[in-house]
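Source file target-v1.txt; content: compact mmCIF, C-alpha atoms and all ligand atoms.
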# COMPACT_ATOMS: atom_id res chain seq x y z
CA MET A 1 20.44 -2.78 -3.54
CA LEU A 2 17.21 -2.90 -5.51
CA ALA A 3 15.35 -0.09 -3.78
CA GLU A 4 15.35 1.99 -0.66
CA GLY A 5 12.08 3.17 0.85
CA ARG A 6 11.35 5.23 3.91
CA ALA A 7 11.23 2.31 6.30
CA SER A 8 13.16 -0.50 4.62
CA GLU A 9 15.68 -1.44 1.99
CA ILE A 10 15.31 -4.15 -0.60
CA LEU A 11 18.36 -6.13 -1.66
CA GLU A 12 18.72 -8.52 -4.57
CA LEU A 13 19.65 -12.02 -3.33
CA GLY A 14 19.67 -13.87 -6.65
CA ASP A 15 17.72 -17.04 -7.47
CA GLY A 16 14.50 -15.06 -7.71
CA ARG A 17 14.71 -13.80 -4.13
CA VAL A 18 14.91 -10.37 -2.49
CA LEU A 19 15.73 -9.37 1.08
CA ARG A 20 13.41 -6.84 2.72
CA ARG A 21 15.34 -5.38 5.65
CA PHE A 22 13.75 -3.01 8.13
CA LYS A 23 15.60 0.13 9.13
CA ALA A 24 13.84 0.26 12.50
CA GLY A 25 10.97 -1.33 14.31
CA GLY A 26 9.78 -3.78 11.68
CA ARG A 27 7.99 -6.95 12.76
CA PRO A 28 8.99 -9.58 10.21
CA ASP A 29 7.09 -12.43 11.91
CA ARG A 30 3.84 -10.47 11.98
CA GLU A 31 4.31 -9.22 8.41
CA ALA A 32 4.97 -12.75 7.20
CA GLU A 33 1.84 -13.96 8.99
CA VAL A 34 -0.49 -11.44 7.30
CA MET A 35 1.16 -11.99 3.91
CA GLU A 36 0.67 -15.74 4.19
CA HIS A 37 -2.91 -15.20 5.34
CA ALA A 38 -3.61 -13.02 2.29
CA ARG A 39 -1.93 -15.56 0.01
CA ALA A 40 -3.91 -18.44 1.48
CA HIS A 41 -7.06 -16.54 0.46
CA GLY A 42 -5.86 -16.16 -3.12
CA PHE A 43 -4.70 -12.56 -2.79
CA PRO A 44 -1.60 -11.72 -4.87
CA VAL A 45 1.43 -11.15 -2.59
CA PRO A 46 5.08 -12.22 -2.94
CA ARG A 47 5.77 -15.61 -1.40
CA VAL A 48 7.56 -15.39 1.98
CA LEU A 49 10.58 -17.69 1.75
CA GLU A 50 12.25 -17.00 5.08
CA VAL A 51 11.62 -14.96 8.23
CA ARG A 52 14.73 -13.49 9.86
CA GLU A 53 15.11 -11.32 12.95
CA ASP A 54 15.29 -8.00 11.10
CA SER A 55 14.23 -9.00 7.60
CA LEU A 56 12.16 -11.14 5.29
CA VAL A 57 13.32 -13.13 2.29
CA LEU A 58 10.65 -12.74 -0.38
CA GLU A 59 9.99 -14.10 -3.80
CA ARG A 60 11.22 -11.55 -6.33
CA VAL A 61 8.35 -10.20 -8.42
CA ASP A 62 9.34 -9.08 -11.91
CA GLY A 63 7.50 -5.95 -12.86
CA THR A 64 7.34 -2.20 -12.38
CA THR A 65 5.36 -0.43 -9.71
CA MET A 66 1.96 1.00 -10.60
CA LEU A 67 3.41 4.44 -9.71
CA ALA A 68 6.24 4.09 -12.25
CA GLU A 69 3.72 2.88 -14.83
CA LEU A 70 1.49 5.87 -14.12
CA ARG A 71 4.39 8.21 -14.78
CA ARG A 72 5.38 6.39 -17.94
CA ARG A 73 1.88 6.02 -19.39
CA PRO A 74 -0.33 8.61 -17.69
CA TRP A 75 -3.18 8.01 -20.11
CA ARG A 76 -3.76 4.70 -18.31
CA LEU A 77 -4.49 6.48 -15.02
CA ALA A 78 -8.20 5.64 -14.97
CA GLY A 79 -7.49 1.94 -15.51
CA HIS A 80 -4.88 1.81 -12.74
CA ALA A 81 -7.18 3.64 -10.31
CA HIS A 82 -9.85 1.05 -11.06
CA THR A 83 -7.33 -1.79 -10.55
CA LEU A 84 -6.31 -0.37 -7.16
CA ALA A 85 -9.96 -0.08 -6.05
CA GLU A 86 -10.57 -3.65 -7.21
CA LEU A 87 -7.55 -4.86 -5.16
CA HIS A 88 -9.03 -3.10 -2.11
CA ARG A 89 -12.34 -4.88 -2.68
CA ARG A 90 -10.63 -8.28 -2.98
CA LEU A 91 -8.43 -7.75 0.08
CA HIS A 92 -11.32 -6.58 2.23
CA ALA A 93 -13.29 -9.73 1.49
CA ILE A 94 -10.68 -11.65 3.53
CA PRO A 95 -11.66 -12.25 7.17
CA PHE A 96 -8.91 -11.62 9.72
CA GLU A 97 -9.02 -11.56 13.53
CA ALA A 98 -12.84 -11.21 13.60
CA GLU A 99 -12.70 -8.23 11.18
CA ARG A 100 -11.29 -7.76 7.68
CA LEU A 101 -7.71 -7.73 6.48
CA LEU A 102 -6.42 -4.19 5.84
CA HIS A 103 -3.12 -3.16 4.25
CA LEU A 104 -3.09 0.50 5.35
CA ASP A 105 -0.31 1.60 2.98
CA PHE A 106 -2.20 0.64 -0.14
CA HIS A 107 -1.00 3.07 -2.83
CA PRO A 108 0.43 2.76 -6.37
CA ASP A 109 4.05 2.51 -5.18
CA ASN A 110 3.15 -0.67 -3.28
CA VAL A 111 1.64 -2.47 -6.26
CA LEU A 112 3.95 -4.31 -8.66
CA LEU A 113 2.51 -4.93 -12.11
CA SER A 114 3.77 -8.34 -13.15
CA ALA A 115 3.03 -10.82 -15.93
CA ARG A 116 0.72 -12.70 -13.55
CA GLY A 117 -1.17 -9.50 -12.70
CA PRO A 118 -0.81 -6.92 -9.92
CA VAL A 119 1.03 -8.04 -6.77
CA VAL A 120 0.76 -6.07 -3.52
CA ILE A 121 3.91 -5.51 -1.41
CA ASP A 122 4.93 -3.68 1.79
CA TRP A 123 2.67 -5.21 4.44
CA ALA A 124 4.31 -3.53 7.47
CA ASN A 125 1.12 -1.70 8.52
CA ALA A 126 -1.35 -4.50 7.76
CA ARG A 127 -3.87 -5.46 10.44
CA ALA A 128 -7.52 -6.29 11.01
CA GLY A 129 -10.11 -3.53 10.88
CA ASP A 130 -12.81 -1.68 8.95
CA PRO A 131 -12.24 -1.67 5.16
CA ALA A 132 -13.33 1.98 4.95
CA LEU A 133 -10.19 2.92 6.91
CA ASP A 134 -7.96 1.30 4.29
CA VAL A 135 -9.76 3.19 1.50
CA ALA A 136 -9.48 6.44 3.49
CA MET A 137 -5.74 5.82 4.06
CA THR A 138 -5.23 5.44 0.32
CA TRP A 139 -7.20 8.66 -0.16
CA VAL A 140 -5.04 10.54 2.37
CA ILE A 141 -1.73 9.17 1.04
CA CYS A 142 -2.47 9.76 -2.65
CA ALA A 143 -4.07 13.17 -2.15
CA THR A 144 -1.37 14.56 0.15
CA SER A 145 1.89 12.79 -0.85
CA GLY A 146 1.41 12.25 -4.58
CA GLY A 147 1.44 15.79 -5.95
CA THR A 148 -1.06 17.06 -8.54
CA PHE A 149 -0.98 13.70 -10.26
CA GLY A 150 -1.82 11.95 -6.99
CA ARG A 151 -4.84 14.19 -6.53
CA VAL A 152 -6.13 13.33 -10.01
CA PHE A 153 -5.51 9.64 -9.28
CA THR A 154 -7.46 9.97 -6.02
CA ARG A 155 -10.46 11.39 -7.85
CA PHE A 156 -10.59 8.38 -10.19
CA PHE A 157 -9.93 5.88 -7.37
CA LEU A 158 -12.80 7.27 -5.30
CA ARG A 159 -15.26 6.62 -8.15
CA HIS A 160 -15.02 2.91 -7.42
CA VAL A 161 -15.33 2.83 -3.62
CA ASP A 162 -17.95 3.39 -0.92
CA LEU A 163 -17.30 7.13 -0.72
CA ALA A 164 -19.59 7.86 2.25
CA ALA A 165 -17.88 5.19 4.38
CA ALA A 166 -14.41 6.34 3.33
CA ARG A 167 -15.30 9.91 4.20
CA ARG A 168 -16.41 8.88 7.69
CA SER A 169 -13.03 7.17 8.17
CA LEU A 170 -11.04 10.10 6.80
CA PRO A 171 -10.33 11.78 10.17
CA GLU A 172 -9.00 8.51 11.63
CA ALA A 173 -6.89 7.90 8.51
CA GLY A 174 -5.53 11.43 8.70
CA GLU A 175 -4.54 10.97 12.35
CA HIS A 176 -2.68 7.75 11.48
CA ARG A 177 -0.84 9.51 8.69
CA ILE A 178 0.08 12.49 10.84
CA ALA A 179 1.42 10.13 13.54
CA ASP A 180 3.62 8.22 11.07
CA PRO A 181 7.27 9.07 11.90
CA ASN A 182 8.26 8.62 8.23
CA VAL A 183 5.95 11.44 7.09
CA THR A 184 7.39 14.95 6.61
CA ASP A 185 5.97 18.09 8.23
CA ALA A 186 4.96 19.44 4.81
CA GLU A 187 2.97 16.26 4.23
CA ARG A 188 1.38 16.57 7.68
CA ASP A 189 0.23 20.11 6.81
CA ARG A 190 -1.39 18.84 3.64
CA VAL A 191 -3.17 16.09 5.59
CA ARG A 192 -4.56 18.66 8.05
CA LYS A 193 -5.75 20.80 5.13
CA LEU A 194 -7.50 17.84 3.53
CA LEU A 195 -9.22 16.97 6.81
CA ARG A 196 -10.43 20.55 7.25
CA ARG A 197 -11.69 20.68 3.68
CA MET A 198 -13.62 17.40 4.08
CA ALA A 199 -14.96 18.08 7.60
N1 LIG B 1 9.12 -8.92 -3.74
C1 LIG B 1 9.65 -7.94 -4.50
N2 LIG B 1 10.07 -8.18 -5.76
C2 LIG B 1 10.62 -7.21 -6.51
N3 LIG B 1 10.79 -5.94 -6.10
C3 LIG B 1 10.40 -5.63 -4.85
C4 LIG B 1 9.81 -6.61 -3.98
N4 LIG B 1 9.52 -6.01 -2.81
C5 LIG B 1 9.92 -4.73 -2.95
N5 LIG B 1 10.45 -4.49 -4.16
C6 LIG B 1 10.99 -3.21 -4.65
O1 LIG B 1 11.42 -2.42 -3.57
C7 LIG B 1 10.64 -1.22 -3.46
C8 LIG B 1 10.34 -0.92 -2.00
O2 LIG B 1 9.68 -2.01 -1.43
P1 LIG B 1 8.60 -1.86 -0.26
O3 LIG B 1 8.31 -3.24 0.22
O4 LIG B 1 7.46 -1.05 -0.75
O5 LIG B 1 9.45 -1.09 0.85
P2 LIG B 1 9.24 0.31 1.61
O6 LIG B 1 8.72 -0.07 2.95
O7 LIG B 1 10.62 0.82 1.70
O8 LIG B 1 8.30 1.16 0.81
C9 LIG B 1 9.41 -1.48 -4.31
O9 LIG B 1 8.88 -0.31 -4.88
C10 LIG B 1 9.94 -2.40 -5.38
O10 LIG B 1 10.54 -1.67 -6.42
MG MG B 2 6.55 0.74 -0.16

Show the structure stored in the file as structure tokens.
Amino acid sequence: MLAEGRASEILELGDGRVLRRFKAGGRPDREAEVMEHARAHGFPVPRVLEVREDSLVLERVDGTTMLAELRRRPWRLAGHAHTLAELHRRLHAIPFEAERLLHLDFHPDNVLLSARGPVVIDWANARAGDPALDVAMTWVICATSGGTFGRVFTRFFLRHVDLAAARRSLPEAGEHRIADPNVTDAERDRVRKLLRRMA
């Protein structure tokens, strides 16, 4: 096993491939569709090699996550926050189902820093919508699940986005996060606190 997240496990398959298996309720066909849509528009995602009933076979991306890099070289925080905001901007330029393509779990642990540049993974929550919601989701996730470091990261990230729009979407983002079954009660409390503070 390569990694185990809250909602899936990643297994090494060899030959430059990994298996992304869902613990419950994943929709591999839908996830593959949005990933291929992003890729067709030049957005950096792992290639989808195979769609199975409960899993996806993906191209293995060699690199460390932006989160691991942040921990290893914290002095590069400002640069990584800028990179993440730039990835948001690029993703949200992609039309999808009459709106824009959103990732909705777009945080430093879902960005792999590879030799060919950053590659975005974990598209389980992706759908069409208003880009401000994606930015607000990143705000909520980083500010309430990333510790002190995450709050500092959030401050830098928000320098590069449409802050007024993100703020308007913050309540909706917070509700999504609170409703996520993989989120702990302590995290939910922090989300509620953030929403009250920003109201
Ligand atoms: N295509 C890939 N290539 C290499 N490593 C990957 C790939 N996809 C996922 N991983 C590894 O597995 C971890 C969890 O993957 P992710 O898709 O974010 O699952 P989760 O839904 O569990 O968060 C990542 O942080 C990364 O280390
Ligand atoms: Mg992930």

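With CA of Pro44 (chain A) on one side and CA of Pro131 (chain A) on the other, the separation reads 17.7 Å.
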
Q: For Pro28 (chain A), work out the shell of residues within 9 Å, counting only C-alpha atoms and skipping chain neighbours fewer than 3 positions away, then give it as an NGL selection string.
A: :A and (21-22 or 31-33 or 51-56 or 124)

(Q) At a cut-off of 10 Å and counting all atoms listed in the file, what residues surround ligand LIG 1 (chain B)? Please answer as number ranges by chain. (A) A: 1-12, 16-23, 26, 45-48, 56-68, 105-112, 114, 119-125

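Among the candidate residues A:Gly117, A:Val161, A:Phe153, A:His176, the one lying nearest to Arg76 (chain A) is A:Phe153, with distances computed using all atoms listed in the file.
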
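Going from CA of Arg127 (chain A) over to CA of His103 (chain A), you cover 6.6 Å.
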
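Atom to atom, CA of Glu36 (chain A) and CA of Glu97 (chain A) stand 14.1 Å apart.
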
Q) Which one of A:Pro74, A:Gly147, A:Gly174, A:Pro118 sits closest to Leu104 (chain A) if you count all atoms listed in the file? A) A:Gly174

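Using only C-alpha atoms and all ligand atoms for every distance, the candidate list A:Ile141, A:Leu163, A:Leu91, A:Leu195 yields A:Ile141 as the residue closest to ligand MG 2 (chain B).
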
Could you give me, as an mmCIF file with C-alpha atoms, in the frame of the given file, the residues within 9 Å of His37 (chain A), counting all atoms listed in the file and dropping anything in the same chain fewer than 6 positions from it?
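Dumped to part-v4.cif:
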data_model
loop_
_atom_site.group_PDB
_atom_site.id
_atom_site.type_symbol
_atom_site.label_atom_id
_atom_site.label_comp_id
_atom_site.auth_asym_id
_atom_site.auth_seq_id
_atom_site.Cartn_x
_atom_site.Cartn_y
_atom_site.Cartn_z
ATOM 1 C CA PHE A 43 -4.700 -12.560 -2.790
ATOM 2 C CA ILE A 94 -10.680 -11.650 3.530
ATOM 3 C CA PHE A 96 -8.910 -11.620 9.720
ATOM 4 C CA LEU A 101 -7.710 -7.730 6.480
#

Please reconstruct the missing atoms of region 100-111 of chain A (target: all heavy atoms) and return them as an mmCIF file, in the coordinates of the input.
data_model
loop_
_atom_site.group_PDB
_atom_site.id
_atom_site.type_symbol
_atom_site.label_atom_id
_atom_site.label_comp_id
_atom_site.auth_asym_id
_atom_site.auth_seq_id
_atom_site.Cartn_x
_atom_site.Cartn_y
_atom_site.Cartn_z
ATOM 1 N N ARG A 100 -11.785 -7.539 9.034
ATOM 2 C CA ARG A 100 -11.290 -7.760 7.680
ATOM 3 C C ARG A 100 -9.812 -7.414 7.610
ATOM 4 O O ARG A 100 -9.324 -6.605 8.403
ATOM 5 C CB ARG A 100 -12.078 -6.895 6.686
ATOM 6 C CG ARG A 100 -13.552 -7.234 6.634
ATOM 7 C CD ARG A 100 -13.743 -8.711 6.327
ATOM 8 N NE ARG A 100 -15.109 -9.109 6.573
ATOM 9 C CZ ARG A 100 -15.981 -9.387 5.595
ATOM 10 N NH1 ARG A 100 -15.589 -9.317 4.335
ATOM 11 N NH2 ARG A 100 -17.203 -9.732 5.896
ATOM 12 N N LEU A 101 -9.134 -8.007 6.632
ATOM 13 C CA LEU A 101 -7.710 -7.730 6.480
ATOM 14 C C LEU A 101 -7.512 -6.380 5.783
ATOM 15 O O LEU A 101 -8.080 -6.136 4.713
ATOM 16 C CB LEU A 101 -7.040 -8.854 5.670
ATOM 17 C CG LEU A 101 -5.517 -8.768 5.498
ATOM 18 C CD1 LEU A 101 -4.802 -8.650 6.843
ATOM 19 C CD2 LEU A 101 -5.000 -9.986 4.734
ATOM 20 N N LEU A 102 -6.745 -5.504 6.404
ATOM 21 C CA LEU A 102 -6.420 -4.190 5.840
ATOM 22 C C LEU A 102 -4.916 -4.117 5.575
ATOM 23 O O LEU A 102 -4.124 -4.696 6.314
ATOM 24 C CB LEU A 102 -6.787 -3.060 6.818
ATOM 25 C CG LEU A 102 -8.147 -3.072 7.505
ATOM 26 C CD1 LEU A 102 -8.305 -1.806 8.352
ATOM 27 C CD2 LEU A 102 -9.285 -3.190 6.503
ATOM 28 N N HIS A 103 -4.532 -3.354 4.575
ATOM 29 C CA HIS A 103 -3.120 -3.160 4.250
ATOM 30 C C HIS A 103 -2.590 -1.873 4.882
ATOM 31 O O HIS A 103 -1.529 -1.836 5.491
ATOM 32 C CB HIS A 103 -2.981 -3.128 2.716
ATOM 33 C CG HIS A 103 -1.581 -3.000 2.227
ATOM 34 N ND1 HIS A 103 -0.881 -1.817 2.276
ATOM 35 C CD2 HIS A 103 -0.728 -3.905 1.664
ATOM 36 C CE1 HIS A 103 0.330 -2.004 1.763
ATOM 37 N NE2 HIS A 103 0.445 -3.260 1.386
ATOM 38 N N LEU A 104 -3.347 -0.799 4.722
ATOM 39 C CA LEU A 104 -3.090 0.500 5.350
ATOM 40 C C LEU A 104 -1.881 1.280 4.804
ATOM 41 O O LEU A 104 -1.489 2.296 5.398
ATOM 42 C CB LEU A 104 -3.014 0.379 6.886
ATOM 43 C CG LEU A 104 -4.336 -0.077 7.536
ATOM 44 C CD1 LEU A 104 -4.163 -0.244 9.050
ATOM 45 C CD2 LEU A 104 -5.476 0.919 7.262
ATOM 46 N N ASP A 105 -1.316 0.797 3.703
ATOM 47 C CA ASP A 105 -0.310 1.600 2.980
ATOM 48 C C ASP A 105 -0.481 1.266 1.495
ATOM 49 O O ASP A 105 0.470 1.030 0.768
ATOM 50 C CB ASP A 105 1.097 1.247 3.464
ATOM 51 C CG ASP A 105 2.128 2.321 3.137
ATOM 52 O OD1 ASP A 105 1.729 3.458 2.798
ATOM 53 O OD2 ASP A 105 3.333 2.022 3.201
ATOM 54 N N PHE A 106 -1.746 1.265 1.099
ATOM 55 C CA PHE A 106 -2.200 0.640 -0.140
ATOM 56 C C PHE A 106 -2.265 1.686 -1.263
ATOM 57 O O PHE A 106 -3.335 2.179 -1.605
ATOM 58 C CB PHE A 106 -3.588 0.044 0.141
ATOM 59 C CG PHE A 106 -3.953 -1.157 -0.677
ATOM 60 C CD1 PHE A 106 -5.046 -1.927 -0.312
ATOM 61 C CD2 PHE A 106 -3.232 -1.535 -1.794
ATOM 62 C CE1 PHE A 106 -5.411 -3.039 -1.046
ATOM 63 C CE2 PHE A 106 -3.581 -2.648 -2.534
ATOM 64 C CZ PHE A 106 -4.682 -3.399 -2.155
ATOM 65 N N HIS A 107 -1.084 2.039 -1.793
ATOM 66 C CA HIS A 107 -1.000 3.070 -2.830
ATOM 67 C C HIS A 107 -0.204 2.541 -4.023
ATOM 68 O O HIS A 107 0.395 1.454 -3.938
ATOM 69 C CB HIS A 107 -0.374 4.342 -2.239
ATOM 70 C CG HIS A 107 0.943 4.111 -1.572
ATOM 71 N ND1 HIS A 107 2.079 3.827 -2.278
ATOM 72 C CD2 HIS A 107 1.294 4.071 -0.264
ATOM 73 C CE1 HIS A 107 3.085 3.652 -1.439
ATOM 74 N NE2 HIS A 107 2.639 3.781 -0.204
ATOM 75 N N PRO A 108 -0.171 3.280 -5.140
ATOM 76 C CA PRO A 108 0.430 2.760 -6.370
ATOM 77 C C PRO A 108 1.906 2.382 -6.277
ATOM 78 O O PRO A 108 2.386 1.604 -7.096
ATOM 79 C CB PRO A 108 0.215 3.899 -7.383
ATOM 80 C CG PRO A 108 -1.024 4.576 -6.907
ATOM 81 C CD PRO A 108 -0.918 4.539 -5.400
ATOM 82 N N ASP A 109 2.647 2.899 -5.297
ATOM 83 C CA ASP A 109 4.050 2.510 -5.180
ATOM 84 C C ASP A 109 4.200 1.163 -4.464
ATOM 85 O O ASP A 109 5.294 0.621 -4.388
ATOM 86 C CB ASP A 109 4.849 3.593 -4.442
ATOM 87 C CG ASP A 109 6.348 3.530 -4.783
ATOM 88 O OD1 ASP A 109 6.680 3.069 -5.891
ATOM 89 O OD2 ASP A 109 7.163 3.934 -3.943
ATOM 90 N N ASN A 110 3.108 0.641 -3.942
ATOM 91 C CA ASN A 110 3.150 -0.670 -3.280
ATOM 92 C C ASN A 110 2.423 -1.739 -4.074
ATOM 93 O O ASN A 110 2.045 -2.778 -3.529
ATOM 94 C CB ASN A 110 2.589 -0.564 -1.851
ATOM 95 C CG ASN A 110 3.609 0.042 -0.900
ATOM 96 O OD1 ASN A 110 4.814 -0.043 -1.137
ATOM 97 N ND2 ASN A 110 3.127 0.658 0.165
ATOM 98 N N VAL A 111 2.220 -1.467 -5.356
ATOM 99 C CA VAL A 111 1.640 -2.470 -6.260
ATOM 100 C C VAL A 111 2.633 -2.706 -7.391
ATOM 101 O O VAL A 111 3.027 -1.758 -8.080
ATOM 102 C CB VAL A 111 0.286 -2.005 -6.833
ATOM 103 C CG1 VAL A 111 -0.275 -3.060 -7.785
ATOM 104 C CG2 VAL A 111 -0.719 -1.701 -5.710
#
